[in-house]
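For reference, data-v2.tsv is printed below; it contains TSV, C-alpha atoms and all ligand atoms.
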```
chain	number	residue	atom	x	y	z
A	1	MET	CA	103.92	67.45	60.99
A	2	TRP	CA	100.48	67.40	62.54
A	3	VAL	CA	99.71	64.52	64.88
A	4	VAL	CA	96.13	64.70	66.08
A	5	THR	CA	95.39	61.47	67.84
A	6	ASP	CA	91.70	61.90	68.71
A	7	PRO	CA	89.53	61.34	65.60
A	8	ASP	CA	86.47	62.69	67.46
A	9	MET	CA	88.01	65.94	68.64
A	10	LEU	CA	86.13	68.15	66.16
A	11	ARG	CA	82.80	66.32	66.25
A	12	HIS	CA	79.76	68.58	66.15
A	13	HIS	CA	76.19	67.38	66.71
A	14	ARG	CA	74.84	69.64	63.94
A	15	TYR	CA	77.52	69.29	61.26
A	16	ILE	CA	77.28	65.62	60.40
A	17	ARG	CA	79.06	65.84	57.04
A	18	SER	CA	81.97	67.82	58.55
A	19	ASN	CA	82.39	65.09	61.17
A	20	GLY	CA	83.63	62.82	58.36
A	21	TYR	CA	86.79	64.89	57.80
A	22	ASP	CA	90.13	64.12	59.44
A	23	PRO	CA	90.71	66.60	62.32
A	24	ALA	CA	94.45	66.64	61.54
A	25	TRP	CA	93.67	67.77	57.99
A	26	VAL	CA	91.32	70.48	59.28
A	27	VAL	CA	93.86	71.76	61.82
A	28	GLU	CA	96.67	71.75	59.26
A	29	ASN	CA	94.66	73.76	56.74
A	30	GLN	CA	92.58	76.04	58.96
A	31	MET	CA	92.82	79.81	58.56
A	32	GLY	CA	90.09	80.74	61.03
A	33	PRO	CA	86.81	79.43	62.47
A	34	HIS	CA	86.01	75.89	61.23
A	35	PRO	CA	85.20	76.56	57.55
A	36	LEU	CA	83.38	73.25	57.02
A	37	TRP	CA	80.98	74.06	59.86
A	38	LEU	CA	80.34	77.50	58.33
A	39	LEU	CA	79.73	75.94	54.93
A	40	GLU	CA	77.55	73.14	56.26
A	41	ALA	CA	75.39	75.75	58.02
A	42	LEU	CA	75.14	77.68	54.75
A	43	THR	CA	74.05	74.59	52.81
A	44	GLU	CA	71.05	74.29	55.15
A	45	VAL	CA	69.63	77.37	53.38
A	46	LEU	CA	71.45	77.08	50.04
A	47	PRO	CA	70.85	73.79	48.17
A	48	ILE	CA	73.77	72.52	46.05
A	49	GLU	CA	73.19	70.12	43.15
A	50	PRO	CA	75.66	67.79	41.42
A	51	GLY	CA	77.38	69.41	38.45
A	52	MET	CA	76.69	72.97	39.56
A	53	ARG	CA	79.49	75.38	38.72
A	54	VAL	CA	80.49	76.92	42.03
A	55	LEU	CA	82.90	79.78	42.70
A	56	ASP	CA	84.41	79.37	46.19
A	57	LEU	CA	85.68	82.92	46.66
A	58	GLY	CA	88.41	83.39	49.26
A	59	CYS	CA	88.66	79.61	49.66
A	60	GLY	CA	91.90	79.76	51.64
A	61	ARG	CA	93.40	76.28	51.61
A	62	ALA	CA	90.44	74.94	49.61
A	63	MET	CA	88.93	72.73	52.31
A	64	THR	CA	85.47	74.10	51.51
A	65	SER	CA	86.02	73.56	47.77
A	66	ILE	CA	86.96	69.95	48.44
A	67	PHE	CA	83.88	69.59	50.65
A	68	LEU	CA	81.58	71.01	47.95
A	69	ALA	CA	82.93	68.57	45.37
A	70	ARG	CA	83.00	65.54	47.64
A	71	GLU	CA	79.67	66.07	49.41
A	72	PHE	CA	77.59	67.46	46.54
A	73	GLY	CA	79.41	66.57	43.30
A	74	ALA	CA	79.76	70.27	42.44
A	75	GLN	CA	82.38	71.59	39.99
A	76	VAL	CA	84.32	74.12	42.00
A	77	TRP	CA	86.71	76.94	41.19
A	78	ALA	CA	88.72	77.29	44.40
A	79	THR	CA	89.78	80.93	44.20
A	80	ASP	CA	92.04	82.72	46.63
A	81	LEU	CA	94.55	85.54	46.94
A	82	TRP	CA	96.83	84.64	49.85
A	83	ILE	CA	97.27	80.94	49.01
A	84	PRO	CA	99.07	80.04	45.75
A	85	ALA	CA	97.09	77.94	43.28
A	86	GLU	CA	99.90	75.34	43.15
A	87	GLU	CA	99.55	74.73	46.88
A	88	ASN	CA	95.80	74.23	46.60
A	89	GLU	CA	96.25	72.07	43.48
A	90	ARG	CA	98.39	69.68	45.51
A	91	ARG	CA	95.80	69.48	48.30
A	92	ILE	CA	92.98	68.95	45.80
A	93	ALA	CA	94.96	66.18	44.07
A	94	GLU	CA	95.67	64.50	47.42
A	95	ALA	CA	91.90	64.51	48.01
A	96	GLY	CA	91.44	62.82	44.60
A	97	LEU	CA	89.27	65.67	43.32
A	98	SER	CA	91.35	67.25	40.54
A	99	GLU	CA	88.59	66.43	38.04
A	100	LEU	CA	86.07	68.53	39.94
A	101	VAL	CA	88.06	71.28	41.66
A	102	THR	CA	90.21	73.88	39.87
A	103	ALA	CA	92.57	76.04	41.92
A	104	VAL	CA	92.74	79.70	40.88
A	105	HIS	CA	94.97	82.44	42.24
A	106	ALA	CA	93.08	85.73	41.87
A	107	GLU	CA	92.21	88.96	43.58
A	108	ALA	CA	88.48	89.33	44.17
A	109	HIS	CA	88.27	92.45	41.97
A	110	ALA	CA	90.11	90.84	39.04
A	111	LEU	CA	88.42	87.48	38.58
A	112	PRO	CA	89.54	85.57	35.47
A	113	PHE	CA	86.16	84.05	34.53
A	114	GLU	CA	83.68	84.35	31.66
A	115	PRO	CA	80.51	86.40	32.26
A	116	GLU	CA	77.58	84.42	33.72
A	117	PHE	CA	79.78	81.32	34.15
A	118	PHE	CA	78.68	80.22	37.63
A	119	ASP	CA	75.47	78.75	39.05
A	120	LEU	CA	76.53	79.61	42.57
A	121	VAL	CA	79.05	81.74	44.46
A	122	VAL	CA	79.95	80.92	48.04
A	123	SER	CA	82.33	82.72	50.36
A	124	LEU	CA	83.22	81.54	53.86
A	125	ASP	CA	84.93	83.87	56.30
A	126	ALA	CA	86.30	85.90	53.39
A	127	TYR	CA	83.62	88.14	51.86
A	128	GLN	CA	84.08	90.76	54.61
A	129	TYR	CA	87.59	91.45	53.31
A	130	PHE	CA	86.42	92.79	49.94
A	131	GLY	CA	82.59	92.74	49.90
A	132	THR	CA	81.85	95.78	52.09
A	133	ASP	CA	82.49	98.01	49.05
A	134	ASP	CA	79.02	99.15	47.86
A	135	LEU	CA	79.92	98.36	44.27
A	136	TYR	CA	81.46	94.92	44.79
A	137	LEU	CA	78.30	92.79	44.62
A	138	GLY	CA	77.41	94.22	41.20
A	139	TYR	CA	80.85	93.24	39.89
A	140	LEU	CA	80.66	89.74	41.36
A	141	LEU	CA	77.17	89.16	39.97
A	142	SER	CA	78.49	89.62	36.43
A	143	PHE	CA	80.00	86.13	36.79
A	144	LEU	CA	76.73	84.56	37.99
A	145	LYS	CA	74.05	83.19	35.65
A	146	PRO	CA	70.58	84.74	35.81
A	147	GLY	CA	68.75	82.66	38.41
A	148	GLY	CA	72.06	81.80	40.08
A	149	ARG	CA	72.59	82.20	43.80
A	150	ILE	CA	75.17	83.66	46.13
A	151	GLY	CA	75.79	82.83	49.78
A	152	ALA	CA	78.26	84.11	52.32
A	153	VAL	CA	79.05	83.48	55.97
A	154	MET	CA	81.30	85.82	57.89
A	155	PRO	CA	82.00	87.04	61.41
A	156	GLY	CA	79.59	89.79	62.40
A	157	THR	CA	78.03	91.74	65.20
A	158	VAL	CA	74.64	91.56	66.87
A	159	ARG	CA	74.39	95.39	66.69
A	160	GLU	CA	76.32	97.90	64.64
A	161	LEU	CA	79.24	98.96	66.82
A	162	GLY	CA	80.17	102.14	64.98
A	163	GLU	CA	82.80	104.22	66.74
A	164	GLU	CA	82.10	102.88	70.22
A	165	ILE	CA	83.79	99.57	70.99
A	166	PRO	CA	82.23	97.88	74.06
A	167	SER	CA	84.59	97.78	77.04
A	168	THR	CA	84.46	93.97	77.08
A	169	LEU	CA	85.87	93.84	73.53
A	170	ALA	CA	88.19	96.85	73.65
A	171	PRO	CA	91.28	94.94	74.90
A	172	PHE	CA	91.10	92.58	71.93
A	173	TRP	CA	89.91	94.91	69.21
A	174	GLU	CA	91.84	95.03	65.91
A	175	TRP	CA	91.09	97.93	63.58
A	176	ASP	CA	90.04	95.64	60.73
A	177	PHE	CA	87.16	94.22	62.80
A	178	CYS	CA	85.36	97.34	61.53
A	179	CYS	CA	84.30	95.16	58.56
A	180	TRP	CA	82.11	93.08	60.91
A	181	HIS	CA	78.45	94.00	60.54
A	182	THR	CA	74.97	92.91	61.53
A	183	PRO	CA	72.64	90.69	59.46
A	184	GLN	CA	70.46	93.79	58.88
A	185	TRP	CA	73.47	95.72	57.58
A	186	TRP	CA	74.31	92.96	55.11
A	187	ARG	CA	70.69	92.69	53.96
A	188	SER	CA	70.55	96.40	53.22
A	189	HIS	CA	74.06	96.39	51.70
A	190	TRP	CA	73.01	93.80	49.13
A	191	ALA	CA	69.35	94.80	48.69
A	192	LYS	CA	70.10	98.46	47.95
A	193	THR	CA	71.90	97.44	44.75
A	194	ARG	CA	68.50	96.22	43.39
A	195	LYS	CA	70.52	93.48	41.70
A	196	VAL	CA	69.51	90.54	43.90
A	197	GLY	CA	66.54	89.22	45.78
A	198	ILE	CA	67.49	88.40	49.35
A	199	ASP	CA	66.50	84.80	50.21
A	200	HIS	CA	67.85	84.50	53.72
A	201	VAL	CA	69.75	86.53	56.26
A	202	GLY	CA	70.43	85.75	59.89
A	203	THR	CA	72.95	84.64	62.44
A	204	ILE	CA	74.17	81.08	62.82
A	205	GLU	CA	72.71	79.71	66.02
A	206	ASP	CA	75.44	79.41	68.65
A	207	GLY	CA	77.98	80.57	66.07
A	208	TRP	CA	80.17	82.17	68.72
A	209	ARG	CA	80.12	78.96	70.79
A	210	ASP	CA	81.20	76.96	67.72
A	211	TRP	CA	84.01	79.46	67.13
A	212	LEU	CA	85.11	79.06	70.77
A	213	GLN	CA	84.85	75.27	70.60
A	214	PHE	CA	86.94	75.15	67.42
A	215	ASN	CA	89.46	77.67	68.73
A	216	ASP	CA	89.94	75.83	72.02
A	217	THR	CA	90.08	72.42	70.40
A	218	ILE	CA	92.87	73.38	68.01
A	219	THR	CA	94.82	75.37	70.61
A	220	PRO	CA	97.24	72.55	71.61
A	221	TRP	CA	98.08	71.90	67.96
A	222	VAL	CA	98.81	75.34	66.52
A	223	THR	CA	102.27	76.82	66.13
A	224	GLY	CA	103.90	80.16	65.21
A	225	TRP	CA	101.74	83.28	65.29
A	226	TRP	CA	98.60	81.16	65.64
A	227	VAL	CA	99.55	80.52	69.29
A	228	ASP	CA	98.86	84.17	70.21
A	229	GLU	CA	95.89	84.32	67.85
A	230	VAL	CA	94.02	81.44	69.49
A	231	ALA	CA	94.83	82.70	73.00
A	232	THR	CA	93.46	86.18	72.21
A	233	THR	CA	90.41	84.76	70.43
A	234	HIS	CA	89.64	82.63	73.49
A	235	GLU	CA	89.84	85.65	75.79
A	236	MET	CA	87.69	87.75	73.47
A	237	LEU	CA	84.94	85.17	73.00
A	238	MET	CA	84.84	84.37	76.72
A	239	ALA	CA	84.58	88.08	77.58
A	240	ASP	CA	81.82	88.65	75.04
A	241	GLN	CA	79.70	85.51	75.60
A	242	GLY	CA	77.84	86.15	72.33
A	243	ARG	CA	76.58	89.59	73.41
A	244	GLU	CA	78.19	91.36	70.44
A	245	LEU	CA	79.88	88.77	68.22
A	246	CYS	CA	78.18	86.30	65.91
A	247	PHE	CA	78.35	84.74	62.47
A	248	VAL	CA	76.19	86.25	59.75
A	249	SER	CA	74.77	84.09	56.98
A	250	ILE	CA	73.22	85.64	53.87
A	251	THR	CA	71.94	84.20	50.60
A	252	ALA	CA	70.42	85.88	47.54
A	253	THR	CA	69.32	85.14	43.98
A	254	LYS	CA	70.21	86.98	40.78
A	255	PRO	CA	66.92	87.56	38.96
A	256	THR	CA	66.28	85.80	35.67
A	257	ALA	CA	64.45	88.78	34.15
A	258	ALA	CA	66.32	91.92	33.15
A	259	LYS	CA	64.23	93.91	35.59
A	260	GLU	CA	65.52	95.12	38.93
A	261	ALA	CA	65.28	92.75	41.88
A	262	THR	CA	62.84	93.25	44.68
A	263	THR	CA	63.71	92.18	48.20
A	264	THR	CA	61.70	89.73	50.28
B	301	LIG	C1	90.28	84.02	57.05
B	301	LIG	S1	90.76	83.35	55.52
B	301	LIG	C2	89.47	82.16	55.24
B	301	LIG	C3	89.84	81.18	54.19
B	301	LIG	C4	88.81	80.07	53.96
B	301	LIG	N1	87.59	80.57	53.38
B	301	LIG	C5	88.53	79.34	55.25
B	301	LIG	O1	87.49	79.62	55.86
B	301	LIG	O2	89.39	78.56	55.64
B	301	LIG	C6	90.29	84.66	54.38
B	301	LIG	C7	90.62	84.37	52.93
B	301	LIG	O3	90.13	85.45	52.14
B	301	LIG	C8	91.02	85.63	51.07
B	301	LIG	N2	90.97	87.01	50.61
B	301	LIG	C9	91.08	88.13	51.35
B	301	LIG	N3	91.06	89.21	50.56
B	301	LIG	C10	90.92	88.76	49.29
B	301	LIG	C11	90.85	89.39	48.04
B	301	LIG	N4	90.90	90.71	47.93
B	301	LIG	N5	90.73	88.60	46.94
B	301	LIG	C12	90.65	87.26	47.04
B	301	LIG	N6	90.73	86.61	48.21
B	301	LIG	C13	90.87	87.35	49.32
B	301	LIG	C14	92.39	85.33	51.62
B	301	LIG	O4	93.25	84.93	50.60
B	301	LIG	C15	92.09	84.26	52.67
B	301	LIG	O5	92.42	82.98	52.21
```
Now, as a test, write the supplied structure out as structure tokens.
Ligand SMILES: C[S@@+](CC[C@H](N)C(=O)[O-])C[C@H]1O[C@@H](n2cnc3c(N)ncnc32)[C@H](O)[C@@H]1O
Amino acid sequence: MWVVTDPDMLRHHRYIRSNGYDPAWVVENQMGPHPLWLLEALTEVLPIEPGMRVLDLGCGRAMTSIFLAREFGAQVWATDLWIPAEENERRIAEAGLSELVTAVHAEAHALPFEPEFFDLVVSLDAYQYFGTDDLYLGYLLSFLKPGGRIGAVMPGTVRELGEEIPSTLAPFWEWDFCCWHTPQWWRSHWAKTRKVGIDHVGTIEDGWRDWLQFNDTITPWVTGWWVDEVATTHEMLMADQGRELCFVSITATKPTAAKEATTT
């Protein structure tokens, strides 16, 4: 039972739409840095139109899928591996959005969709788990219409860290942080496939501060293993102060012509 008494506790001056969501609901369903803030930042560079077919890949507890349907009238396939579809179906129904949002349980390399089905693919704090494979983007693009777009936001680094972990981060470092990369790395990773044109790549301004703000705000409310997780995240972000850690945002378009994409 989540009892969050302050309705303003997750207010953010930049993320006006996200401010409309119940903090208790966000805390209950969070799986990492505030996913609605990450998505709202992405929508600043990735327009979403009513009726668009959107794949929300690695949607977790489907908060972002619900947001896409409620805020933009998109049709969303809320697709995730760790969270059962039945659980997300219940949350989607409680939000009154069963007509627009379909919950799917799938592994990112075995997606159960028709070719060229989607207008848009988004992935928030998830793409780094499967998308660092050089060949993954090509597979994912098979589900996107020509002219369709893809956007992802994920934790990243200001410079490639390679084998040397900075001493400030070393006490907190988990081996799987090796999937965190720079905006330049992600640009090259996608562009070298020649299958997309890169529209935008960069870091989210003050992304690490937002992560810290979210982490610290939810700290009194989390239970179980999240208690250690938020404590360690606080220590790590305070030690780093944005010197190494950031959030990377990248968007690209699948070309309409059969020719190879050129990068911008
Ligand atoms: C940190 S959680 C973020 C969830 C959600 N996007 C959010 O921000 O709340 C990462 C998500 O990626 C999903 N994921 C990781 N590996 C995956 C894979 N191979 N196929 C599909 N989903 C995957 C997990 O199921 C998990 O829900």
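Interatomic distance, atom CA of Gly224 of chain A against atom C1 of ligand LIG 301 (chain B): 16.3 Å.
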Ligand LIG 301 (chain B): which residues are within 6 Å, counting all atoms listed in the file, as a PyMOL selection string? chain A and resi 30-32+35+58-60+80-83+106-108+124-126+129-130
Could you give me, as a tab-separated table (two decimals) with C-alpha atoms, keeping the file's coordinate frame, the residues within 7 Å of Leu57 of chain A, counting only C-alpha atoms and dropping anything in the same chain fewer than 6 positions from it?
```
chain	number	residue	atom	x	y	z
A	78	ALA	CA	88.72	77.29	44.40
A	79	THR	CA	89.78	80.93	44.20
A	80	ASP	CA	92.04	82.72	46.63
A	122	VAL	CA	79.95	80.92	48.04
A	123	SER	CA	82.33	82.72	50.36
```
Closest to His200 of chain A among A:His181, A:Ile218, A:Thr168, A:Thr43, using only C-alpha atoms? A:Thr43
Report, in Å with one decimal, the straight-line distance from atom CA of Phe118 of chain A to atom CA of Val54 of chain A. 5.8 Å
Near Ile165 of chain A, within 12 Å and counting only C-alpha atoms, which residues show up once chain neighbours fewer than 6 positions away are dropped, as JSON, numbers by chain? {"A": [157, 159, 171, 172, 173, 174, 175, 177, 178, 240, 244, 245]}
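Distance annotation: of A:Thr223, A:Thr253, A:Asn215, A:Thr64, the residue with the minimal separation from Val196 of chain A is A:Thr253; atom set is all atoms listed in the file.
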Take atom CA of Thr132 of chain A and atom CA of His189 of chain A and report the distance between them in Å, one decimal. 7.8 Å
Restricting to only C-alpha atoms, whichever of A:Leu120, A:Ala191, A:Ala41, A:Cys179 is closest to Pro146 of chain A is A:Leu120
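Nearest residue to Ala74 of chain A, choosing from A:Leu212, A:Met52, A:Leu169, A:Val227 and counting all atoms listed in the file: A:Met52.
With only C-alpha atoms as the atoms that count, the minimum distance from Leu46 of chain A to the choices A:Arg90, A:Arg61, A:Arg149, A:His105 is reached by A:Arg149.
If you count all atoms listed in the file and ignore residues fewer than 3 places along the chain from Arg17 of chain A, what sits within 12 Å of it is Leu10, Arg11, His12, His13, Arg14, Gly20, Tyr21, Asp22, Leu36, Trp37, Leu38, Leu39, Glu40, Ala41, Thr43, Glu44, Thr64, Phe67, Leu68, Arg70, Glu71 and Phe72 of chain A.
Considering all atoms listed in the file, the residue among A:Thr217, A:Asp56, A:Arg194, A:Leu111 positioned nearest to Gly138 of chain A is A:Arg194.
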List every protein, DNA or RNA residue that has an atom no more than 10 Å from (93.8, 73.9, 63.8) in the file's coordinate frame, counting all atoms listed in the file, and report them as a PyMOL selection string. chain A and resi 2+4+10+23-34+214-223+226+230
Find the spatial neighbours of Arg187 of chain A, counting only C-alpha atoms, within a cut-off of 9 Å - ignore same-chain residues fewer than 6 positions away - and output them as a PyMOL selection string. chain A and resi 198+200-201+250
